[in-house]
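Novice: Next up, data_28.csv (CSV, C-alpha atoms).
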chain,number,residue,atom,x,y,z
A,214,MET,CA,116.6,81.9,76.3
A,215,GLU,CA,113.7,83.8,77.6
A,216,ILE,CA,113.3,87.6,76.9
A,217,ILE,CA,111.6,89.6,79.6
A,218,LYS,CA,110.5,93.1,78.7
A,219,THR,CA,110.8,96.0,81.1
A,220,ASP,CA,109.0,99.3,81.6
A,221,ILE,CA,111.3,101.0,79.0
A,222,PRO,CA,111.1,99.5,75.5
A,223,GLY,CA,114.3,97.9,74.3
A,224,VAL,CA,115.7,97.4,77.8
A,225,LEU,CA,115.6,93.6,78.3
A,226,ILE,CA,116.2,91.0,81.0
A,227,ILE,CA,117.4,87.7,79.6
A,228,GLU,CA,117.1,84.4,81.3
A,229,PRO,CA,119.2,81.7,79.6
A,230,THR,CA,118.2,78.1,79.5
A,231,VAL,CA,120.4,76.3,82.0
A,232,TYR,CA,121.1,72.6,81.8
A,233,GLY,CA,122.2,71.1,85.1
A,234,ASP,CA,123.0,67.7,86.5
A,235,ALA,CA,125.3,66.1,89.1
A,236,ARG,CA,128.4,67.4,87.3
A,237,GLY,CA,127.3,71.1,87.4
A,238,TYR,CA,125.6,73.1,84.6
A,239,PHE,CA,125.9,74.4,81.1
A,240,PHE,CA,124.2,77.3,79.2
A,241,GLU,CA,124.8,79.5,76.2
A,242,SER,CA,125.6,82.9,77.6
A,243,PHE,CA,125.0,84.5,74.1
A,244,ASN,CA,123.7,83.4,70.7
A,245,GLU,CA,123.6,86.2,68.2
A,246,ARG,CA,121.0,84.6,66.0
A,247,GLU,CA,118.6,83.6,68.8
A,248,PHE,CA,119.0,87.0,70.4
A,249,ARG,CA,118.2,88.8,67.2
A,250,ASP,CA,115.1,86.6,66.5
A,251,LYS,CA,113.7,86.9,70.0
A,252,SER,CA,114.6,90.5,70.9
A,253,GLY,CA,114.4,92.2,67.5
A,254,PHE,CA,117.8,93.7,68.0
A,255,LYS,CA,120.6,93.1,65.5
A,256,VAL,CA,123.8,93.5,67.5
A,257,HIS,CA,127.3,92.4,66.8
A,258,PHE,CA,129.5,92.6,69.9
A,259,VAL,CA,133.2,93.6,69.4
A,260,GLN,CA,134.5,94.0,73.0
A,261,ASP,CA,134.2,92.1,76.2
A,262,ASN,CA,135.0,93.7,79.6
A,263,GLU,CA,135.3,92.3,83.1
A,264,SER,CA,135.6,94.0,86.5
A,265,ARG,CA,135.9,92.8,90.1
A,266,SER,CA,134.5,95.0,92.9
A,267,THR,CA,133.9,94.7,96.6
A,268,TYR,CA,130.8,95.3,98.6
A,269,GLY,CA,129.6,98.9,98.5
A,270,VAL,CA,131.3,99.9,95.2
A,271,VAL,CA,129.1,101.9,92.9
A,272,ARG,CA,130.3,102.3,89.3
A,273,GLY,CA,128.5,104.7,86.9
A,274,LEU,CA,126.5,106.1,85.4
A,275,HIS,CA,128.6,105.8,82.3
A,276,PHE,CA,127.9,106.2,78.6
A,277,GLN,CA,129.5,107.0,75.2
A,278,ARG,CA,128.3,109.7,73.0
A,279,PRO,CA,127.4,109.0,69.3
A,280,PRO,CA,128.8,108.0,67.0
A,281,HIS,CA,130.5,105.7,69.5
A,282,ALA,CA,127.4,104.9,71.6
A,283,GLN,CA,127.4,101.3,72.9
A,284,SER,CA,124.7,98.6,73.4
A,285,LYS,CA,125.7,96.4,76.3
A,286,LEU,CA,124.9,92.9,77.5
A,287,VAL,CA,125.8,92.5,81.1
A,288,ARG,CA,126.0,89.6,83.6
A,289,VAL,CA,127.5,88.6,86.9
A,290,VAL,CA,129.7,85.5,87.2
A,291,GLU,CA,130.4,85.9,90.9
A,292,GLY,CA,128.3,87.6,93.6
A,293,GLU,CA,125.4,90.0,93.1
A,294,VAL,CA,124.8,93.5,91.9
A,295,LEU,CA,122.0,96.0,91.3
A,296,ASP,CA,122.3,97.0,87.7
A,297,VAL,CA,120.8,100.2,86.4
A,298,ALA,CA,120.1,101.6,82.9
A,299,VAL,CA,119.0,105.3,82.6
A,300,ASP,CA,117.4,106.6,79.4
A,301,ILE,CA,119.3,109.6,78.2
A,302,ARG,CA,118.1,109.6,74.6
A,303,PRO,CA,117.2,113.2,73.7
A,304,ASN,CA,113.8,112.6,72.1
A,305,SER,CA,112.7,109.6,74.1
A,306,ALA,CA,109.3,109.5,75.9
A,307,THR,CA,111.1,107.9,78.8
A,308,PHE,CA,114.0,110.3,79.0
A,309,GLY,CA,115.3,110.3,82.6
A,310,LYS,CA,113.6,107.1,83.6
A,311,TYR,CA,115.5,104.0,84.6
A,312,VAL,CA,115.3,100.3,85.0
A,313,ALA,CA,117.0,98.5,87.9
A,314,VAL,CA,117.5,94.8,88.1
A,315,ARG,CA,119.4,92.4,90.5
A,316,LEU,CA,121.9,90.2,88.7
A,317,SER,CA,123.7,87.4,90.3
A,318,ALA,CA,125.9,84.4,89.5
A,319,GLU,CA,123.2,82.2,91.0
A,320,SER,CA,120.4,83.4,88.8
A,321,HIS,CA,122.4,83.7,85.5
A,322,ARG,CA,120.2,86.6,84.5
A,323,GLN,CA,121.6,89.0,82.0
A,324,PHE,CA,120.6,92.6,81.2
A,325,PHE,CA,120.5,94.1,77.7
A,326,ILE,CA,121.0,97.9,77.5
A,327,PRO,CA,120.6,99.5,74.1
A,328,LYS,CA,122.4,102.6,72.8
A,329,GLY,CA,121.4,105.8,74.4
A,330,PHE,CA,121.5,104.7,78.0
A,331,ALA,CA,123.7,105.5,80.9
A,332,HIS,CA,124.7,102.4,82.9
A,333,GLY,CA,125.9,101.7,86.4
A,334,PHE,CA,125.8,99.1,89.1
A,335,SER,CA,126.2,98.7,92.9
A,336,VAL,CA,127.8,95.7,94.5
A,337,LEU,CA,125.5,94.0,97.0
A,338,SER,CA,127.7,90.9,97.8
A,339,GLU,CA,131.1,90.7,99.4
A,340,VAL,CA,132.7,90.5,96.0
A,341,ALA,CA,131.2,90.7,92.5
A,342,VAL,CA,132.8,89.8,89.2
A,343,PHE,CA,131.0,91.6,86.4
A,344,GLN,CA,131.2,90.9,82.7
A,345,TYR,CA,129.7,92.8,79.7
A,346,LYS,CA,129.7,92.8,76.0
A,347,CYS,CA,129.8,96.0,73.9
A,348,ASP,CA,128.9,96.5,70.3
A,349,ASP,CA,131.4,99.4,69.8
A,350,PHE,CA,134.9,99.9,71.0
A,351,TYR,CA,135.9,102.1,74.0
A,352,HIS,CA,136.4,105.6,72.8
A,353,LYS,CA,137.9,107.9,75.4
A,354,GLU,CA,136.9,111.2,73.7
A,355,SER,CA,133.3,110.1,73.6
A,356,GLU,CA,132.8,109.0,77.2
A,357,GLY,CA,130.5,110.7,79.6
A,358,ALA,CA,128.7,110.1,82.9
A,359,ILE,CA,125.7,111.1,85.0
A,360,ALA,CA,126.0,111.5,88.8
A,361,TRP,CA,125.1,108.2,90.6
A,362,ASN,CA,123.2,110.2,93.3
A,363,ASP,CA,121.4,112.7,91.0
A,364,PRO,CA,118.3,113.8,93.0
A,365,GLU,CA,116.2,114.0,89.8
A,366,LEU,CA,116.8,110.2,89.2
A,367,ALA,CA,116.6,109.3,92.9
A,368,ILE,CA,118.0,105.8,92.3
A,369,ASP,CA,117.9,103.4,95.3
A,370,TRP,CA,121.2,101.6,95.1
A,371,GLN,CA,120.2,99.3,97.9
A,372,LEU,CA,123.2,100.2,100.0
A,373,PRO,CA,123.6,102.2,103.2
A,374,ALA,CA,125.1,105.6,102.5
A,375,GLU,CA,128.1,105.0,104.7
A,376,ALA,CA,129.0,101.8,102.7
A,377,ILE,CA,129.2,103.4,99.3
A,378,ILE,CA,132.6,103.5,97.6
A,379,LEU,CA,133.3,105.6,94.5
A,380,SER,CA,136.2,106.3,92.3
A,381,GLU,CA,137.4,109.9,92.3
A,382,LYS,CA,136.2,110.2,88.7
A,383,ASP,CA,132.7,109.0,89.5
A,384,SER,CA,132.4,111.3,92.4
A,385,ARG,CA,132.6,114.3,90.0
A,386,ASN,CA,130.0,113.1,87.4
A,387,GLN,CA,127.6,115.7,86.0
A,388,PRO,CA,124.0,116.0,87.1
A,389,LEU,CA,121.2,115.0,84.6
A,390,SER,CA,120.2,118.7,84.4
A,391,GLU,CA,123.6,119.7,83.1
A,392,TYR,CA,123.5,116.9,80.6
A,393,LYS,CA,120.1,118.1,79.4
A,394,ALA,CA,121.4,121.7,79.1
A,395,THR,CA,124.3,120.4,76.9
A,396,LEU,CA,121.7,118.7,74.7
A,397,ARG,CA,119.8,121.9,74.3
A,398,ARG,CA,122.9,123.8,73.4
A,399,ASN,CA,123.9,121.2,70.8
A,400,ASN,CA,120.4,121.3,69.3
A,401,THR,CA,120.5,125.1,69.1
A,402,GLU,CA,123.9,125.1,67.5
A,403,ALA,CA,122.9,122.4,65.0
A,404,LYS,CA,119.8,124.4,64.0
A,405,GLU,CA,121.7,127.6,63.6
A,406,GLU,CA,124.3,125.8,61.5
A,407,SER,CA,121.5,124.3,59.3
A,408,ASP,CA,119.8,127.7,58.9
A,409,THR,CA,123.1,129.2,57.8
A,410,GLU,CA,123.6,126.6,55.3
A,411,ILE,CA,120.1,127.1,53.9
A,412,PHE,CA,120.6,130.9,53.7
A,413,LEU,CA,123.9,130.5,51.9
A,414,SER,CA,122.4,128.1,49.4
A,415,ILE,CA,119.7,130.7,48.7
A,416,ILE,CA,122.0,133.6,48.1
Hey, can you dump this file as structure tokens for me?

Specialist:
Amino acid sequence: MEIIKTDIPGVLIIEPTVYGDARGYFFESFNEREFRDKSGFKVHFVQDNESRSTYGVVRGLHFQRPPHAQSKLVRVVEGEVLDVAVDIRPNSATFGKYVAVRLSAESHRQFFIPKGFAHGFSVLSEVAVFQYKCDDFYHKESEGAIAWNDPELAIDWQLPAEAIILSEKDSRNQPLSEYKATLRRNNTEAKEESDTEIFLSII
């Protein structure tokens, strides 16, 4: 396994060691101990998901809020996608920045996305089968999403506009500016609550 660092610390591209011969190939798609030793991340995945999508489909940009935020390890087992991770961590120096990487069944590349990122992908092949591991369970009340076409992010999904296919839900995702406003409101409310607790403890 080779770990390739990206422009955002913690977001990693993983190239497994593939053993091939006349019969086909074999590789370890995940080894928790080796991943921990080489990446520095201690993760324990609890849920595996799979989706099948056709050319032009864009899914995302999805996330789960704390305490149910998820780290993900994603890969493609058929076809090719452009996979995108957007930093939405409130105090991050790279907030609003993203990493995009092509993943395909042919390359066997994987993409590790730590907690605190919104995730999405576009399908560049006729069909793509996409698999990902999560280190926390799906929690409906904690789910959120950023608009795939947010002008502040300006992500190039490498698809012509007329080919893009969205779910009704993803077509209504919030812009990054609205997400930032929510963070500011939450921080203000948390500070006010903390100040009240201090005041009451004094009196």

Novice: Using all atoms listed in the file, which of A:Leu379, A:Gly237, A:Asn244, A:Val299 sits nearest His275 in chain A?

Specialist: A:Val299

Novice: If I take CA of Tyr232 in chain A and CA of Glu245 in chain A, how far is one from the other in Å, to one decimal?

Specialist: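 Between CA of Tyr232 in chain A and CA of Glu245 in chain A the gap is 19.4 Å.
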
Novice: Between CA of Phe248 in chain A and CA of His332 in chain A, what is the spacing in Å?

Specialist: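 Answer for the CA of His332 in chain A to CA of Phe248 in chain A separation: 20.6 Å.
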
Novice: From the list A:Gly292, A:Phe324, A:Arg278, A:Arg236, which residue is nearest Ile217 in chain A when using only C-alpha atoms?

Specialist: A:Phe324

Novice: Which is closer to Ser284 in chain A than all the others in A:Gly333, A:Pro327, A:Pro222, A:Pro229, using only C-alpha atoms?

Specialist: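 Result for the nearest residue to Ser284 in chain A: A:Pro327.
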
Novice: Residues within 9 Å of Arg272 in chain A, please, as a list of chain:residue names. Count only C-alpha atoms; anything in the same chain fewer than 6 positions from it doesn't count.

Specialist: A:His332, A:Gly333, A:Phe334, A:Ser335, A:Val336, A:Trp361, A:Ile378, A:Leu379, A:Ser380, A:Asp383

Novice: Hey, could you patch up range 376-394 of chain A with N, CA, C and O atoms and hand it over as a compact mmCIF listing (two decimals), in the coordinates of the input?

Specialist:
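Dumped to rebuild25.txt:
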# COMPACT_ATOMS: atom_id res chain seq x y z
N ALA A 376 128.28 102.93 103.34
CA ALA A 376 129.00 101.80 102.70
C ALA A 376 129.44 102.08 101.30
O ALA A 376 130.26 101.34 100.74
N ILE A 377 128.93 103.16 100.70
CA ILE A 377 129.20 103.40 99.30
C ILE A 377 130.62 103.83 99.01
O ILE A 377 131.16 104.71 99.67
N ILE A 378 131.21 103.18 98.01
CA ILE A 378 132.60 103.50 97.60
C ILE A 378 132.59 103.89 96.15
O ILE A 378 132.05 103.19 95.29
N LEU A 379 133.22 105.05 95.87
CA LEU A 379 133.30 105.60 94.50
C LEU A 379 134.70 105.84 94.09
O LEU A 379 135.57 106.09 94.93
N SER A 380 134.91 105.82 92.79
CA SER A 380 136.20 106.30 92.30
C SER A 380 136.16 107.83 92.34
O SER A 380 135.09 108.45 92.40
N GLU A 381 137.34 108.43 92.32
CA GLU A 381 137.40 109.90 92.30
C GLU A 381 136.68 110.46 91.08
O GLU A 381 135.98 111.47 91.16
N LYS A 382 136.84 109.78 89.97
CA LYS A 382 136.20 110.20 88.70
C LYS A 382 134.70 110.20 88.82
O LYS A 382 134.02 111.16 88.44
N ASP A 383 134.15 109.10 89.35
CA ASP A 383 132.70 109.00 89.50
C ASP A 383 132.10 109.95 90.49
O ASP A 383 130.92 110.31 90.41
N SER A 384 132.90 110.38 91.44
CA SER A 384 132.40 111.30 92.40
C SER A 384 132.20 112.72 91.83
O SER A 384 131.57 113.59 92.44
N ARG A 385 132.73 112.95 90.61
CA ARG A 385 132.60 114.30 90.00
C ARG A 385 131.71 114.24 88.73
O ARG A 385 131.72 115.17 87.94
N ASN A 386 130.90 113.19 88.55
CA ASN A 386 130.00 113.10 87.40
C ASN A 386 128.97 114.19 87.37
O ASN A 386 128.51 114.63 88.43
N GLN A 387 128.55 114.61 86.17
CA GLN A 387 127.60 115.70 86.00
C GLN A 387 126.18 115.30 86.39
O GLN A 387 125.80 114.14 86.21
N PRO A 388 125.38 116.25 86.87
CA PRO A 388 124.00 116.00 87.10
C PRO A 388 123.20 115.84 85.79
O PRO A 388 123.66 116.33 84.75
N LEU A 389 122.05 115.22 85.84
CA LEU A 389 121.20 115.00 84.60
C LEU A 389 120.83 116.40 84.05
O LEU A 389 120.78 116.55 82.83
N SER A 390 120.58 117.39 84.91
CA SER A 390 120.20 118.70 84.40
C SER A 390 121.27 119.35 83.57
O SER A 390 120.97 120.01 82.56
N GLU A 391 122.52 119.13 83.92
CA GLU A 391 123.60 119.70 83.10
C GLU A 391 123.73 118.95 81.78
O GLU A 391 124.00 119.57 80.75
N TYR A 392 123.50 117.64 81.81
CA TYR A 392 123.50 116.90 80.60
C TYR A 392 122.37 117.39 79.63
O TYR A 392 122.59 117.56 78.43
N LYS A 393 121.20 117.64 80.20
CA LYS A 393 120.10 118.10 79.40
C LYS A 393 120.40 119.52 78.81
O LYS A 393 120.05 119.82 77.66
N ALA A 394 121.06 120.37 79.59
CA ALA A 394 121.40 121.70 79.10
C ALA A 394 122.41 121.58 77.93
O ALA A 394 122.32 122.34 76.95
